[in-house]
Protein chains: 8
Amino acid sequence: MTGKDKFQQVFLDGEREGRNGFSEAVFCEGKSLEQIQAVIAERKHAGQNVLGTRCPPEAGEKLVKLFQGLTYYSLSRTFQLIQTPPAFYQGSLGILAAGTADVPVAEEAWQTAKFYGLESHRFYDVGVAGLHRLLSQIDEIRKMDVLIAVAGMEGALPSVVAGLVKSPVIACPTSVGYGAHFKGLTTLLAMMNSCSEGITVVNIDNGFGAACAALRIFRGKNAKRV
Amino acid sequence: MTGKDKFQQVFLDGEREGRNGFSEAVFCEGKSLEQIQAVIAERKHAGQNVLGTRCPPEAGEKLVKLFQGLTYYSLSRTFQLIQTPPAFYQGSLGILAAGTADVPVAEEAWQTAKFYGLESHRFYDVGVAGLHRLLSQIDEIRKMDVLIAVAGMEGALPSVVAGLVKSPVIACPTSVGYGAHFKGLTTLLAMMNSCSEGITVVNIDNGFGAACAALRIFRGKNAKRV
Amino acid sequence: MTGKDKFQQVFLDGEREGRNGFSEAVFCEGKSLEQIQAVIAERKHAGQNVLGTRCPPEAGEKLVKLFQGLTYYSLSRTFQLIQTPPAFYQGSLGILAAGTADVPVAEEAWQTAKFYGLESHRFYDVGVAGLHRLLSQIDEIRKMDVLIAVAGMEGALPSVVAGLVKSPVIACPTSVGYGAHFKGLTTLLAMMNSCSEGITVVNIDNGFGAACAALRIFRGKNAKRV
Amino acid sequence: MTGKDKFQQVFLDGEREGRNGFSEAVFCEGKSLEQIQAVIAERKHAGQNVLGTRCPPEAGEKLVKLFQGLTYYSLSRTFQLIQTPPAFYQGSLGILAAGTADVPVAEEAWQTAKFYGLESHRFYDVGVAGLHRLLSQIDEIRKMDVLIAVAGMEGALPSVVAGLVKSPVIACPTSVGYGAHFKGLTTLLAMMNSCSEGITVVNIDNGFGAACAALRIFRGKNAKRV
Amino acid sequence: MTGKDKFQQVFLDGEREGRNGFSEAVFCEGKSLEQIQAVIAERKHAGQNVLGTRCPPEAGEKLVKLFQGLTYYSLSRTFQLIQTPPAFYQGSLGILAAGTADVPVAEEAWQTAKFYGLESHRFYDVGVAGLHRLLSQIDEIRKMDVLIAVAGMEGALPSVVAGLVKSPVIACPTSVGYGAHFKGLTTLLAMMNSCSEGITVVNIDNGFGAACAALRIFRGKNAKRV
Amino acid sequence: MTGKDKFQQVFLDGEREGRNGFSEAVFCEGKSLEQIQAVIAERKHAGQNVLGTRCPPEAGEKLVKLFQGLTYYSLSRTFQLIQTPPAFYQGSLGILAAGTADVPVAEEAWQTAKFYGLESHRFYDVGVAGLHRLLSQIDEIRKMDVLIAVAGMEGALPSVVAGLVKSPVIACPTSVGYGAHFKGLTTLLAMMNSCSEGITVVNIDNGFGAACAALRIFRGKNAKRV
Amino acid sequence: MTGKDKFQQVFLDGEREGRNGFSEAVFCEGKSLEQIQAVIAERKHAGQNVLGTRCPPEAGEKLVKLFQGLTYYSLSRTFQLIQTPPAFYQGSLGILAAGTADVPVAEEAWQTAKFYGLESHRFYDVGVAGLHRLLSQIDEIRKMDVLIAVAGMEGALPSVVAGLVKSPVIACPTSVGYGAHFKGLTTLLAMMNSCSEGITVVNIDNGFGAACAALRIFRGKNAKRV
Amino acid sequence: MTGKDKFQQVFLDGEREGRNGFSEAVFCEGKSLEQIQAVIAERKHAGQNVLGTRCPPEAGEKLVKLFQGLTYYSLSRTFQLIQTPPAFYQGSLGILAAGTADVPVAEEAWQTAKFYGLESHRFYDVGVAGLHRLLSQIDEIRKMDVLIAVAGMEGALPSVVAGLVKSPVIACPTSVGYGAHFKGLTTLLAMMNSCSEGITVVNIDNGFGAACAALRIFRGKNAKRV
């Protein structure tokens, strides 16, 4: 292969969804309504789907009025504008959340997964302080191909879960806590030091990233789209 | 009561075991053999019992030769010289350790408790990555009056245990870990943020302090010495 | 005992007050009025008592109007709805606060203790910068079965107190301070490093947790309800 | 299903390789030669394979003499004792290392993967300061099913790689650096904040954990053993 | 030379633009409109040019009305009042920004450079997650005499760029990120640990300082004003 | 006054003891015996006194043999070579140490004070865990003109003392502690946040600096040398 | 002396101005207007002087209307109610401020000193980036008995000053800065590590504490009130 | 230009000295003598010059014996093997060091500069605690085209210098300090927050990097090789 071809292959392959398979999402935090609006309009005009994360309710409600077909989900603070429904991946993603305060981050993961073509099963309120809630659903959890474990506080959920299942466990720390929690740093560090083998971790409150990591697994060679 | 009496009561009450009930232990880290030896000799001469913690094996072996009756325990790095056996408290202290690397700290707690008059039940290798080991002994653990939970890494053990028992749970973080563990800081912070109610925490690797905290509970009004 | 029985004992024992003896409290920080209201309504309907912590005054005042029998206490930012008065524990809990700015956290501990069935004696404004205030009450403090020491700034109160008493001392750091105080981290670390034996520590501003830790002690085998 | 069956399924399923599919590895750091030797002997007697990590050369050389069939690899500081060769997974794992100083951690990942039944392709010296080295191999890298990206210093490798491939990227920070590197913390934090979607991160120098995370992906439903 | 002369040379040389060549800029953060207004009036009266940084839009709009000739630029939050146009330096400064959220800091650098007499070429949206955007402009970037690389998140841009060019690279971290980003600290530390030789770093969000550092280079002996 | 005179006054005034009154001490940590030896020889030749701090015993013993008149004090790890005995200041400096492990730092302060012409009264083992030891000497402590309070662990000593005396209190944190003590950082931060007014703090283990700060006070206008 | 007498001497000596010579100041941050008002009223009724710090302008203006004779100073955010003018100390306190943004903290020190009976000389805008401003006033600065050096950013002012004077230098870090300044932590740490001997440091933005520390020096045995 | 040409230009341009102008140096820390030896042999065989940094004396002395022409400099812990003397740049680099303990890092910068073709003027012992030493040489310092300011402790040197000169100032923090210095972190942060405009900073103890940054400036368009 020549250098020219190489260069083209490296950089021009797969223009439609980006080189790594993700159409870029709109991270709304710190953006004005006008800026968000402009991006959506541009994408809409290009016939693309649009996912927005960290979008506050006030902005979300206005966007729903401005763009036909756009839906806003206040719990996860995400919006979606689907012009071409995605093909869906085979397999099952399980999203676990330790406490109710962790649910918004878990829902961001769920919305992101759905946007890119993956339906999830959700297992909420399964934190380790009430172990029976987790264990009573362990059969179903074990059926999942990939797991995302969302937790704040001491972040013990992924450790306990990864000791009970063989599938990949993506740990997502949340900023739920106070005092010596440092807005999620404690949870992140605890997850990094899990005594269970093979846990991986994403940034604090990064439900979007956890879902993207799961999607990278489903997009693998052996996975097939339905 | 007059000021004079008050002053005397405040400071002169309970001279024998110190004002807070503990005869002072010898923290050997950073002390020379000569310094340790001098303290033991002084206490021995005064007819007191002596407990030493963080005593390295080389020093321990020499002390055994120097002082008749002194015993050294290399796993916990503690020594004891008992001249007057302590009266023993009623009740049962359970000491849990997550992994084998946490055992030295747990044994320091066990030795300390024994020195001050309290026998302990030990439940080792009950870390949350292998939940079945903890749950298979939960009946016995529930019978304990007070629990010390020793763990390193992500430090999830006290959270899980405190969700299953009603007794006091004293969490003792250890420096067992590496990388983003920061010699126990991660474990300490995680334990501080437990989602289970009413856990309290002592300093990193402080098995001595955890046992002292347990002893304060057993020494309470309702407790009786055998 | 069979596996089935074991499983039931582990997870189904003691449904009424939860597996660890605490009916769950409502942590209001970050919850909307609607969310808090929904939890209260559900618990009220089930005939349970409800304790709420970190409830801002505006929400508290509205809840008082919405639920008959609910009381709100602005200083501790807690509310209580008592449908079945708790049986009270024998024994005395002493709650110490270093400065007036630490009082709200101390009062949260007091309210929590009362909710779960324990009356407390309060010793406020006994910080170490004015040692005479602490020492003039030391007789009464020594009569307590368990002590909670609430302090901000350099957090020296539990060290000084634990040197003078034999009972358990639960140290509760507060976020009272500024500059190099880091919202309580300095106090927490100082308390962790106390030179007095057997102090245990809870999270920053966690009056609720300190009271729960005290309750675990009172709930012990030897304690009896009145 | 009855409670008994449930309990058995939760805890007794899959005893041979442990509940999560990993036969436990021996983390040698902080263990004496005697302790390591004892574990190996026990496993050997039970007919199991043994993997040891963080084993210093002196200990490794002695173990090779003590146990027939045990091999020690000084670069990765790992040993293996294979009594039953593992079945191998289909698919390809790519292990990337930024600089030569990162190679030991990368080799630990490679040895771990091999031990559990997965051959890897290694792409070393592909750090971002010499972009041509990475890009000249991008065709081969893109053929991998899963990637592990090992890097120290500013840890930019996984960000650049994940922007060019669609497969899962497991980022493994190393302690290679000095000054404001804090033994890998800077790298870990940088990787956590990658601008490329769907990167996940393991602990500092945790080549073992990165390989385990990769294995969890290959062990998935769609993967088949050869 | 006498002490007197020396003293004068040290401190009285170059009064017009200050001893180090910079007429002082107005850092508006934390200043009231009245305070900003007073400084501008004083400088205007003295016939000097005025540059203001970190000036919020509301203040900026008012200043435009108050001072004839003053221009405010909301994207960079800077204002300029030019009474004597600066002589311009020969040479070209390239300002790179990784993502759109980094643009305000980059524009602050651009405005600062222009104010002191240097036109810049801007290369925006060249973050490493989309390497093709950077590489497609590398010819132009290589023509620059000095480069400022502005980036948030993991801050990999200067490392990649400095591996491809020979000119000075001034890295400017931004506070763009969340979670374990700590408002730019992660980016700053990553840039400090770059594996590319000879990168230097300025404070977080300090576009002004990055431009001043570039100006110090252009002001060098070999540079000539046009 | 002319510029010339000014320059001379600024920089040439007080050559004998340096511009700020201190003849420079030799900080031995990280210096080779040869380097230390060279400095001493130079100073000795110039007829000056020499103070060395942080000098390890092995080096100290050799220096005693090399330089006639040089004395080494192993507890404080300091040496002194006095050729011209200093004039002594009027007034009394009190040096307090919380525990025996803090004594080396306190002795460094004592040696430093003596070297520069100030005798100190030492009050050791007065830590707050045994309040009676401090209070039984409070009369004498109150007679001191300036106090240095040396403590490790939680560092409460200066807070308690400053609440009882009117004189200046210089707090000197030590690295005595373990776990969440971070080699003195916790003590330093606690002292910084003292609830007693007007405490000032020096660096960790900086007995030398604490004594210098005290000397600056005694050297004041009102103080007179004997 | 008997125990009773001792107790009285320790705790009852000097009731009027408190045991350490300071009538307590009102730290207004986090207090409601009602709470501040109550304290002032109580003190006023008792005929005492009142100093308030960290009092926001809105509260200050209301207090001026509420209490005759109370003065509020918005720059330092302090108020004073003087019923009995203090006797003034002999000697001169110099207060230095590096930049204009540091002035509010410096003025808090000035107001505090004045309240307790000490007039100060102020030297503002003497930061080290413009060394001539500092050196041109060094004659006057050298005449001061005690110096307070207030600075933010890199906090170099006390190091430079202490190298030029013999009097005590109390360093007061401020929160003036941004980015890697961490609200003053950087300045505090820098001051702690000064290369000039005998500098002491107070908490961030603690102008009040710096003045109290200075007062402790003036109150010394040799000082006399005018 | 075609894609092929572009690719070649991007990556194949300037093979001799690397794409960014630096022939790679050998960072010896953590490398065995064998590893270092192998790299030198390879480079020597290729006719290249070799620079080694952080090379301990024992290794250095052996290398001198192994390779003819290799010189080792113990103060900077660097070695050089020059086969083709570099052409030298016009212009002057000034290297300033605050204290003697900072000299090794400064010398590393000097050796690095020389290796790549740049002679430096050194100004040592010019720390801010003795301002006269800096100011007495300010005329010479001002003649330099670029300055490197090496300092530990509070790191004030670059701030003071940059306020007095117009040339680029590259600040290099060192690990010289103790206690709250954190091995150079304090110095690094202080330098980052300099109140003088346009200072840039490199990693702790990174004399090599500081020199490389200076070289990037001299290599600029306007600079000419002699």
# chains A, B, ... in the order shown; residues from 1 in each chain; ligands from 1
>>> interface_residues(of="chain C", to="chain G", cutoff="12 Å", atoms="only C-alpha atoms", output="MDAnalysis selection string")
chainID C and resid 99:102 129:136 153:154 175:182
>>> select_by_dssp(residues="segment 45-208 of chain H", states="strand (DSSP E or B)", output="ChimeraX atom specification")
/H:50-53,70-73,78-81,89,93-97,120-124,146-151,169-173,199-201
>>> write_last_selection(atoms="N, CA, C and O atoms", output="compact mmCIF listing (two decimals), in the first residue's frame")
# COMPACT_ATOMS: atom_id res chain seq x y z
N VAL H 50 25.46 11.22 21.93
CA VAL H 50 24.57 10.70 22.96
C VAL H 50 24.63 11.56 24.22
O VAL H 50 25.70 11.88 24.71
N LEU H 51 23.44 11.92 24.71
CA LEU H 51 23.32 12.63 25.98
C LEU H 51 22.55 11.74 26.95
O LEU H 51 21.52 11.19 26.60
N GLY H 52 23.08 11.59 28.15
CA GLY H 52 22.37 10.83 29.18
C GLY H 52 22.09 11.70 30.38
O GLY H 52 22.95 12.47 30.80
N THR H 53 20.87 11.62 30.95
CA THR H 53 20.51 12.40 32.13
C THR H 53 20.14 11.48 33.27
O THR H 53 19.84 10.31 33.07
N LEU H 70 33.52 9.19 26.02
CA LEU H 70 32.35 9.54 26.84
C LEU H 70 32.82 10.28 28.09
O LEU H 70 33.77 9.86 28.75
N THR H 71 32.17 11.40 28.39
CA THR H 71 32.50 12.14 29.60
C THR H 71 31.31 12.14 30.54
O THR H 71 30.16 12.21 30.10
N TYR H 72 31.59 12.02 31.82
CA TYR H 72 30.54 12.02 32.83
C TYR H 72 30.75 13.20 33.76
O TYR H 72 31.87 13.50 34.17
N TYR H 73 29.66 13.87 34.10
CA TYR H 73 29.72 15.04 34.96
C TYR H 73 28.85 14.76 36.18
O TYR H 73 27.61 14.74 36.09
N THR H 78 24.99 13.85 34.36
CA THR H 78 24.80 13.66 32.92
C THR H 78 26.07 13.11 32.29
O THR H 78 27.17 13.31 32.80
N PHE H 79 25.92 12.40 31.18
CA PHE H 79 27.10 12.05 30.39
C PHE H 79 26.88 12.48 28.95
O PHE H 79 25.73 12.70 28.52
N GLN H 80 27.97 12.65 28.25
CA GLN H 80 27.91 13.05 26.84
C GLN H 80 28.92 12.23 26.06
O GLN H 80 30.04 12.00 26.52
N LEU H 81 28.51 11.84 24.89
CA LEU H 81 29.43 11.22 23.95
C LEU H 81 29.27 11.99 22.64
O LEU H 81 28.23 11.89 21.98
N TYR H 89 24.47 27.82 18.20
CA TYR H 89 23.52 28.90 17.95
C TYR H 89 24.11 30.23 18.38
O TYR H 89 24.89 30.30 19.32
N LEU H 93 22.10 32.25 26.44
CA LEU H 93 21.14 31.71 27.39
C LEU H 93 21.68 31.95 28.79
O LEU H 93 22.82 31.61 29.09
N GLY H 94 20.86 32.52 29.66
CA GLY H 94 21.26 32.71 31.05
C GLY H 94 20.57 31.69 31.92
O GLY H 94 19.35 31.50 31.83
N ILE H 95 21.33 31.01 32.77
CA ILE H 95 20.76 30.03 33.68
C ILE H 95 20.96 30.53 35.10
O ILE H 95 22.09 30.70 35.56
N LEU H 96 19.85 30.79 35.80
CA LEU H 96 19.91 31.29 37.18
C LEU H 96 19.53 30.18 38.15
O LEU H 96 18.62 29.40 37.87
N ALA H 97 20.22 30.10 39.27
CA ALA H 97 19.86 29.14 40.31
C ALA H 97 19.73 29.88 41.63
O ALA H 97 20.58 30.69 41.98
N SER H 120 25.92 28.67 27.64
CA SER H 120 25.11 29.41 28.60
C SER H 120 25.99 30.21 29.56
O SER H 120 27.14 29.86 29.80
N HIS H 121 25.40 31.28 30.08
CA HIS H 121 26.02 32.02 31.18
C HIS H 121 25.28 31.62 32.44
O HIS H 121 24.05 31.58 32.47
N ARG H 122 26.03 31.32 33.48
CA ARG H 122 25.38 30.85 34.71
C ARG H 122 25.44 31.90 35.81
O ARG H 122 26.49 32.49 36.06
N PHE H 123 24.31 32.12 36.46
CA PHE H 123 24.20 33.06 37.57
C PHE H 123 23.64 32.28 38.76
O PHE H 123 22.43 32.09 38.87
N TYR H 124 24.52 31.82 39.65
CA TYR H 124 24.08 30.95 40.73
C TYR H 124 24.04 31.71 42.05
O TYR H 124 24.69 32.73 42.23
N VAL H 146 17.50 34.59 26.46
CA VAL H 146 16.51 33.72 27.12
C VAL H 146 17.05 33.40 28.50
O VAL H 146 18.26 33.27 28.68
N LEU H 147 16.12 33.28 29.47
CA LEU H 147 16.54 32.95 30.84
C LEU H 147 15.85 31.68 31.33
O LEU H 147 14.66 31.47 31.07
N ILE H 148 16.60 30.86 32.03
CA ILE H 148 16.04 29.74 32.78
C ILE H 148 16.26 30.06 34.25
O ILE H 148 17.39 30.36 34.65
N ALA H 149 15.18 30.02 35.04
CA ALA H 149 15.29 30.34 36.46
C ALA H 149 14.98 29.08 37.26
O ALA H 149 13.85 28.61 37.29
N VAL H 150 16.00 28.54 37.91
CA VAL H 150 15.89 27.30 38.66
C VAL H 150 15.78 27.62 40.15
O VAL H 150 16.63 28.30 40.70
N ALA H 151 14.72 27.11 40.80
CA ALA H 151 14.57 27.38 42.23
C ALA H 151 13.71 26.32 42.88
O ALA H 151 12.85 25.70 42.25
N VAL H 169 11.31 33.95 30.18
CA VAL H 169 11.76 33.36 31.43
C VAL H 169 11.11 31.99 31.58
O VAL H 169 9.89 31.88 31.70
N ILE H 170 11.95 30.95 31.56
CA ILE H 170 11.48 29.58 31.74
C ILE H 170 11.77 29.18 33.17
O ILE H 170 12.91 29.13 33.59
N ALA H 171 10.69 28.92 33.93
CA ALA H 171 10.85 28.61 35.35
C ALA H 171 10.97 27.11 35.52
O ALA H 171 10.17 26.34 35.00
N CYS H 172 11.98 26.69 36.27
CA CYS H 172 12.21 25.28 36.52
C CYS H 172 12.19 25.02 38.03
O CYS H 172 13.15 25.31 38.73
N PRO H 173 11.09 24.45 38.55
CA PRO H 173 11.02 24.16 39.98
C PRO H 173 11.91 22.97 40.33
O PRO H 173 12.10 22.07 39.52
N ILE H 199 5.60 34.19 32.34
CA ILE H 199 6.49 33.12 32.78
C ILE H 199 5.90 31.78 32.34
O ILE H 199 4.69 31.57 32.42
N THR H 200 6.74 30.85 31.89
CA THR H 200 6.27 29.50 31.62
C THR H 200 7.05 28.53 32.50
O THR H 200 8.15 28.85 32.95
N VAL H 201 6.48 27.35 32.71
CA VAL H 201 7.01 26.44 33.71
C VAL H 201 7.20 25.05 33.11
O VAL H 201 6.43 24.61 32.27
>>> atom_distance(atom1="atom CA of Pro86 of chain C", atom2="atom CA of Tyr116 of chain C")
6.4 Å
>>> select_by_dssp(residues="segment 11-221 of chain C", states="helix (DSSP H, G or I)", output="JSON, numbers by chain")
{"C": [11, 12, 33, 34, 35, 36, 37, 38, 39, 40, 41, 42, 43, 44, 45, 57, 58, 59, 60, 61, 62, 63, 64, 65, 66, 100, 101, 102, 103, 104, 105, 106, 107, 108, 109, 110, 111, 112, 113, 114, 115, 128, 129, 130, 131, 132, 133, 134, 135, 138, 139, 140, 141, 142, 157, 158, 159, 160, 161, 162, 182, 183, 184, 185, 186, 187, 188, 189, 190, 191, 192, 207, 208, 209, 210, 211, 212, 213, 214, 215, 216, 217, 218]}
>>> atom_distance(atom1="atom CA of Leu33 of chain G", atom2="atom CA of Leu75 of chain C")
15.4 Å
>>> atom_distance(atom1="atom CA of Cys28 of chain H", atom2="atom CA of Pro158 of chain H")
28.5 Å
>>> residues_around(residues="Gly117 of chain B", least_positions_apart="6", cutoff="12 Å", atoms="only C-alpha atoms", output="MDAnalysis selection string")
chainID B and resid 21:22 49 82 84:93 110:111 211:212 214:216 218:219 224:226
>>> write_last_selection(atoms="C-alpha atoms", output="tab-separated table (two decimals), in the first residue's frame")
chain	number	residue	atom	x	y	z
B	21	GLY	CA	-8.58	3.44	81.31
B	22	PHE	CA	-5.67	2.56	79.06
B	49	ASN	CA	1.99	-4.99	82.05
B	82	ILE	CA	2.08	-9.69	81.40
B	84	THR	CA	-0.74	-9.21	86.29
B	85	PRO	CA	-3.22	-10.99	84.04
B	86	PRO	CA	-6.13	-8.66	83.23
B	87	ALA	CA	-9.67	-9.42	84.35
B	88	PHE	CA	-11.66	-10.30	81.25
B	89	TYR	CA	-14.72	-8.52	79.94
B	90	GLN	CA	-17.96	-10.34	79.21
B	91	GLY	CA	-19.09	-10.34	75.65
B	92	SER	CA	-17.63	-11.13	72.29
B	93	LEU	CA	-15.62	-9.04	69.86
B	110	TRP	CA	-6.66	-9.10	68.43
B	111	GLN	CA	-3.48	-8.82	70.51
B	211	ALA	CA	-9.36	-2.52	69.54
B	212	CYS	CA	-9.19	0.41	71.97
B	214	ALA	CA	-14.03	-1.64	71.01
B	215	LEU	CA	-12.76	-1.74	74.56
B	216	ARG	CA	-14.34	1.62	75.31
B	218	PHE	CA	-17.15	-3.08	76.50
B	219	ARG	CA	-16.01	-0.97	79.44
B	224	LYS	CA	-19.35	-6.48	83.59
B	225	ARG	CA	-16.00	-8.10	84.09
B	226	VAL	CA	-15.95	-11.85	84.57
